[in-house]
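Written out below as C-alpha cells is the structure these notes cover.
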Amino acid sequence: MVEIEIAHPEVTGVTESSVALAFDVISDGRPVDAEVEVTVGGEPRARSGGEPGTRLVRIEGLPPDAEIEVGFRAPGLRPVSPDRYFPERLRTLPSPEAAEVGRFATLNDIHIGEARMGGRLTEDFEYGEEAPGFPVVRAEDTPTPYWQFMLEDAIDEINALGVDALVIKGDIADRGRPEQFEEARRLFGRIRAPHHVVLGNHDHYAVLEGERVDGYALLGQPAAPRALDLAGFRLLLVETALPGEHHGVFPEERRRWLDSALSEAREAGLPTFVLMHHHPVPPEHAGSYPNSIGLDPEDSVALFELLGRHPQVRAVLVGHTHRNKVRRYPAAGSIPFVEVHNPKDYPGGYAVYRLFEDGSAIQEVRRTGSRRALVHAARCRELFRGFYRHFALGRLEDRSFFIPPQGSATGARG
C-alpha cells in the first residue's frame with residue numbers, strides 16, 4: 001500500500017454552518033491525486049481527489065456555535081498533526097438572530113501591472129533580488145500574468161455569490177500608470193454587482209516620475225471620500241494616501257468629513273463600515289514592519305478618538321499589509337480594525353460580509369478556488385524563507401468572525 005500524507009492543511013474559513021479547508025496530498029514528498037475523505041466528528045462529509053496540487057473543500061450544514069473536529073481518512077494515510085493552521089478542534093460561529101438583508105465583498109492590493117514579487121525586501125520595502133530562501137515569482141512565468149488571472153478568478157467567484165456590491169480598497173495599479181488603470185477598468189468590466197473604489201499609495205506612484213494621474217477618472221469612479229447605502233447599512237470610503245509616499249495620512253479636512261459623515265449615520269440609526277487603504281498605527285508600535293508604512297501615528301490617534309465617539313461603527317476595513325489581521329485600540333472602543341490579504345498571491349482571495357437586520361454582520365475571508373489560482377498561491381506560500389505563509393494567512397479568528405449588534409457584546413467574536 002502506498003503511504004500518503006496531508007501537507008499544508010489549513011482551515012481557511014468558518015461560518016455558523018460551514019467550514020472551508022485547503023490541503024495537499026503527497027506521497028514520498030510529491031503531490032499525488034489520491035482520493036481522501038474529509039470528516040467532521042469522525043463522519044465523512046466530503047471526498048477530494050483529482051489533479052495533484054492544493055485542494056479546496058467546503059463543508060456545509062454544520063451546527064452553529066458548536067465545537068467540531070475536522071479530519072481526513074484514506075488508505076495508507078499518515079495521521080495529521082494539528083498546528084496553528086489546522087487546529088485539532090474549532091468552533092463554528094454563532095447563528096445570527098436576525099434575517100440576512102444584504103452582503104458585499106471586498107478586494108484590495110490587486111497591483112495590476114506588477115512585474116514580480118518576492119526576493120529580499122529592500123530598505124524602501126520593494127521586492128528585491130532573488131537569493132537562497134528568497135525566490136521570485138514573475139508575471140512572465142505564466143501565459144497570463146498572475147495578477148490578471150488571480151483577479152479574474154476572484155471576480156468570477158464573487159459574481160457567483162451574488163453580492164450586492166464590491167468595494168476595492170486601494171493599490172489597484174502597481175505603479176499608478178494610466179495604462180494600468182485602463183487595464184483595471186477593462187477587468188472590472190466583468191464585475192456584475194456595483195463596484196466602488198478607494199485608491200491606495202501605489203495608485204499615486206506616477207507622481208514619483210513627475211506625472212499626475214487621476215486614477216478615479218480613469219476608472220470611471222467618483223473620488224473618495226464618499227458614502228454608500230446598502231441594505232440599511234452605511235459604507236464610508238475614506239482616502240488615506242499621500243501621493244508619492246508609502247505611508248498614509250489622515251489630515252484635518254479628512255477628519256472633518258468623516259466626523260460629519262459618521263454623525264449623520266448615527267443620527268439616521270445606520271450601522272456603519274469605514275473602508276480605507278492604510279492601517280492605523282499607534283505611536284508605541286510605529287517602528288515595526290509593516291507599521292512603519294501604515295497611517296501616520298499622530299493621525300492614527302486622531303482617528304481612534306474620532307471613531308470612539310461613534311459606536312455605530314461595526315468595523316474599519318483596510319488593505320495595504322497583504323495579510324489577515326484584526327486589531328483593536330482602547331480609544332476606538334470595541335471597533336475591530338480588519339486587514340485582509342490580497343487576491344494576487346498567497347493565500348489569494350477576498351472577503352465577504354453578510355449583513356443582518358439587527359446591525360450584526362459576519363466576515364468570512366475566502367481563498368480563490370480555481371486550479372490556476374491554487375497552483376500560483378502554493379508557489380507564493382514559501383516566499384521570504386517561508387515566513388509569508390505565517391504573515392499573510394494570519395489566524396482563523398482574524399479571517400472569520402461574527403460582529404454582534406451595537407451594545408450587545410464587545411467587539412467581534414470568532
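Identifiers for the C-alpha cells are assigned positionally: chains receive A, B, ... in sequence, residues are indexed from 1 per chain, and ligands are indexed from 1 in the order shown.
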>> Using only C-alpha atoms, which protein or nucleic acid residues come within 10 Å of A:Ser370? Drop anything in the same chain fewer than 3 positions from it, and give the result as a PyMOL selection string.
In response: chain A and resi 55-56+149-150+153-154+156-157+367+373-375
Only C-alpha atoms, please: the residues just picked out, written as a short mmCIF file (atom, residue, chain, number, x, y, z; two decimals), in the first residue's frame.
data_model
loop_
_atom_site.label_atom_id
_atom_site.label_comp_id
_atom_site.auth_asym_id
_atom_site.auth_seq_id
_atom_site.Cartn_x
_atom_site.Cartn_y
_atom_site.Cartn_z
CA ARG A 55 -7.35 21.04 -2.86
CA LEU A 56 -10.02 23.36 -1.52
CA PHE A 149 -5.85 35.58 -13.74
CA MET A 150 -5.96 35.80 -9.94
CA ASP A 153 -10.99 34.16 -10.94
CA ALA A 154 -11.70 36.04 -7.70
CA ASP A 156 -15.91 35.19 -11.03
CA GLU A 157 -16.37 33.68 -7.57
CA ARG A 367 -9.46 31.64 -0.93
CA ALA A 373 -5.16 30.20 -8.50
CA LEU A 374 -4.32 27.37 -6.09
CA VAL A 375 -1.18 26.45 -8.06
#
>> Write out as a ChimeraX atom specification the set of residues from stretch 184-404 of chain A that DSSP, computed on the backbone, places in strand (DSSP E or B).
In response: /A:195-197,226-230,233-237,241,248,272-275,295,313-318,325-327,337-339,349-356,361-367,400-403
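In terms of minimum interatomic distance to A:Pro94, A:Pro63 ranks closest within A:Pro63, A:Gly71, A:Pro82, A:Gly133, counting only C-alpha atoms.
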>> For a quick check of understanding, using only C-alpha atoms, which of A:Ala139, A:Leu218, A:Val281, A:Leu230 has the smallest distance to A:Val163?
In response: A:Leu230
Just want the 8 Å neighbourhood of stretch 251-266 of chain A, counted on only C-alpha atoms, with same-chain residues fewer than 5 positions away dropped. Output as an mmCIF file with N, CA and C atoms, in the first residue's frame.
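Writing done, so here's result-v9.cif:
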data_model
loop_
_atom_site.group_PDB
_atom_site.id
_atom_site.type_symbol
_atom_site.label_atom_id
_atom_site.label_comp_id
_atom_site.auth_asym_id
_atom_site.auth_seq_id
_atom_site.Cartn_x
_atom_site.Cartn_y
_atom_site.Cartn_z
ATOM 1 N N PRO A 225 -13.410 61.062 -0.434
ATOM 2 C CA PRO A 225 -14.349 60.295 0.384
ATOM 3 C C PRO A 225 -15.766 60.343 -0.172
ATOM 4 N N ALA A 227 -19.956 58.262 0.548
ATOM 5 C CA ALA A 227 -20.795 57.365 1.341
ATOM 6 C C ALA A 227 -21.668 56.519 0.430
ATOM 7 N N ARG A 234 -24.498 51.766 6.267
ATOM 8 C CA ARG A 234 -23.776 52.807 5.534
ATOM 9 C C ARG A 234 -22.310 52.425 5.430
ATOM 10 N N LEU A 236 -18.627 53.974 4.357
ATOM 11 C CA LEU A 236 -17.909 55.227 4.153
ATOM 12 C C LEU A 236 -16.523 54.921 3.586
ATOM 13 N N VAL A 238 -12.943 56.188 2.611
ATOM 14 C CA VAL A 238 -12.079 57.273 3.087
ATOM 15 C C VAL A 238 -10.721 57.178 2.406
ATOM 16 N N GLU A 239 -10.213 58.296 1.940
ATOM 17 C CA GLU A 239 -8.887 58.375 1.312
ATOM 18 C C GLU A 239 -7.819 58.517 2.391
ATOM 19 N N PRO A 271 -26.024 51.299 11.085
ATOM 20 C CA PRO A 271 -24.731 50.661 11.377
ATOM 21 C C PRO A 271 -23.777 50.920 10.220
ATOM 22 N N THR A 272 -22.501 51.142 10.544
ATOM 23 C CA THR A 272 -21.575 51.717 9.567
ATOM 24 C C THR A 272 -20.279 50.932 9.466
ATOM 25 N N ASP A 299 -1.855 60.915 13.223
ATOM 26 C CA ASP A 299 -3.145 60.864 12.551
ATOM 27 C C ASP A 299 -3.952 59.656 13.004
ATOM 28 N N LEU A 303 -7.702 59.455 14.576
ATOM 29 C CA LEU A 303 -8.728 58.567 14.024
ATOM 30 C C LEU A 303 -9.360 57.730 15.129
ATOM 31 N N LEU A 306 -11.731 59.888 17.124
ATOM 32 C CA LEU A 306 -12.918 60.225 16.342
ATOM 33 C C LEU A 306 -13.881 59.032 16.308
ATOM 34 N N HIS A 310 -18.316 57.280 17.943
ATOM 35 C CA HIS A 310 -19.368 56.794 17.044
ATOM 36 C C HIS A 310 -19.529 55.278 17.184
ATOM 37 N N GLN A 312 -21.762 53.285 16.465
ATOM 38 C CA GLN A 312 -22.476 52.537 15.419
ATOM 39 C C GLN A 312 -21.520 51.943 14.383
#
Within 8 Å of A:Val213, counting only C-alpha atoms, which residues show up once you throw out same-chain ones fewer than 5 positions away? Write them as a CSV table (one decimal) with N, CA and C atoms, in the first residue's frame, please.
chain,number,residue,atom,x,y,z
A,176,GLY,N,0.7,53.1,-10.6
A,176,GLY,CA,-0.2,54.3,-10.8
A,176,GLY,C,-0.1,54.8,-12.2
A,177,ARG,N,0.2,53.9,-13.2
A,177,ARG,CA,0.3,54.3,-14.6
A,177,ARG,C,-1.0,54.3,-15.3
A,178,PRO,N,-1.3,55.3,-16.2
A,178,PRO,CA,-2.6,55.3,-16.9
A,178,PRO,C,-2.9,54.0,-17.6
A,204,HIS,N,-0.9,56.2,-6.7
A,204,HIS,CA,-0.4,57.6,-6.9
A,204,HIS,C,1.1,57.6,-7.2
A,206,ALA,N,2.8,57.4,-9.9
A,206,ALA,CA,3.2,58.1,-11.1
A,206,ALA,C,3.8,59.4,-10.8
A,207,VAL,N,3.4,60.0,-9.6
A,207,VAL,CA,3.9,61.3,-9.2
A,207,VAL,C,5.5,61.2,-9.0
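Shortest separation to A:Tyr127 among A:Phe401, A:Phe384, A:Phe86, A:Phe72 occurs at residue A:Phe384, atoms counted being only C-alpha atoms.
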> Just asking: which residues within stretch 280-376 of chain A are helix (DSSP H, G or I) according to DSSP, as a list in words?
Replying inline: Pro283, Glu284, His285, Asn291, Ser292, Ile293, Pro297, Glu298, Asp299, Ser300, Val301, Ala302, Leu303, Phe304, Glu305, Leu306, Leu307, Pro330, Ala331, Ala332, Arg371, Arg372, Ala373, Leu374, Val375 and His376 of chain A
Set out as a Markdown table a contact list for stretch 364-413 of chain A and stretch 107-121 of chain A with a cut-off of 10 Å, giving each residue of stretch 364-413 of chain A that qualifies its closest atom pair and distance in Å to one decimal, counting only C-alpha atoms, ordered by chain and rising residue number.
| residue | atom | partner | partner_atom | distance |
| --- | --- | --- | --- | --- |
| A:Cys380 | CA | A:Gly118 | CA | 8.0 |
| A:Glu382 | CA | A:Gly118 | CA | 9.5 |
| A:Leu383 | CA | A:Gly118 | CA | 6.0 |
| A:Phe384 | CA | A:Gly118 | CA | 6.7 |
| A:Arg385 | CA | A:Gly119 | CA | 9.5 |
| A:Tyr388 | CA | A:Gly118 | CA | 9.6 |
Print the selection's residues with C-alpha atoms to a file, as a PDB file, in the first residue's frame.
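Heads up, here's the output in again16.pdb:
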ATOM      1  CA  CYS A 380       3.945  32.145  -3.240  1.00  0.00           C
ATOM      2  CA  GLU A 382       7.150  29.781   0.530  1.00  0.00           C
ATOM      3  CA  LEU A 383       8.325  33.335  -0.200  1.00  0.00           C
ATOM      4  CA  PHE A 384      10.599  35.150   2.258  1.00  0.00           C
ATOM      5  CA  ARG A 385      12.065  31.948   3.749  1.00  0.00           C
ATOM      6  CA  TYR A 388       4.995  34.658   4.068  1.00  0.00           C
TER       7      TYR A 388
END
>> I'd like the neighbourhood of stretch 323-329 of chain A as number ranges by chain, where a residue qualifies if any of its atoms comes within 10 Å (using only C-alpha atoms), though same-chain residues fewer than 6 positions away should be ignored.
In response: A: 279-282, 301, 304-305, 308, 315-317, 335-342, 346-347, 365, 388-400, 411-412
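For A:Arg73, the residues within 8 Å (counting only C-alpha atoms, excluding itself and residues fewer than 4 positions away along the chain) are Val36, Glu37, Val38, Thr39 and Leu77 of chain A.
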Can you write out the residues you just picked, keeping C-alpha atoms, as an mmCIF file, in the first residue's frame?
data_model
loop_
_atom_site.group_PDB
_atom_site.id
_atom_site.type_symbol
_atom_site.label_atom_id
_atom_site.label_comp_id
_atom_site.auth_asym_id
_atom_site.auth_seq_id
_atom_site.Cartn_x
_atom_site.Cartn_y
_atom_site.Cartn_z
ATOM 1 C CA VAL A 36 -9.300 11.268 0.574
ATOM 2 C CA GLU A 37 -12.404 11.651 2.694
ATOM 3 C CA VAL A 38 -12.816 14.802 4.764
ATOM 4 C CA THR A 39 -14.550 14.056 8.063
ATOM 5 C CA LEU A 77 -2.840 7.921 5.204
#
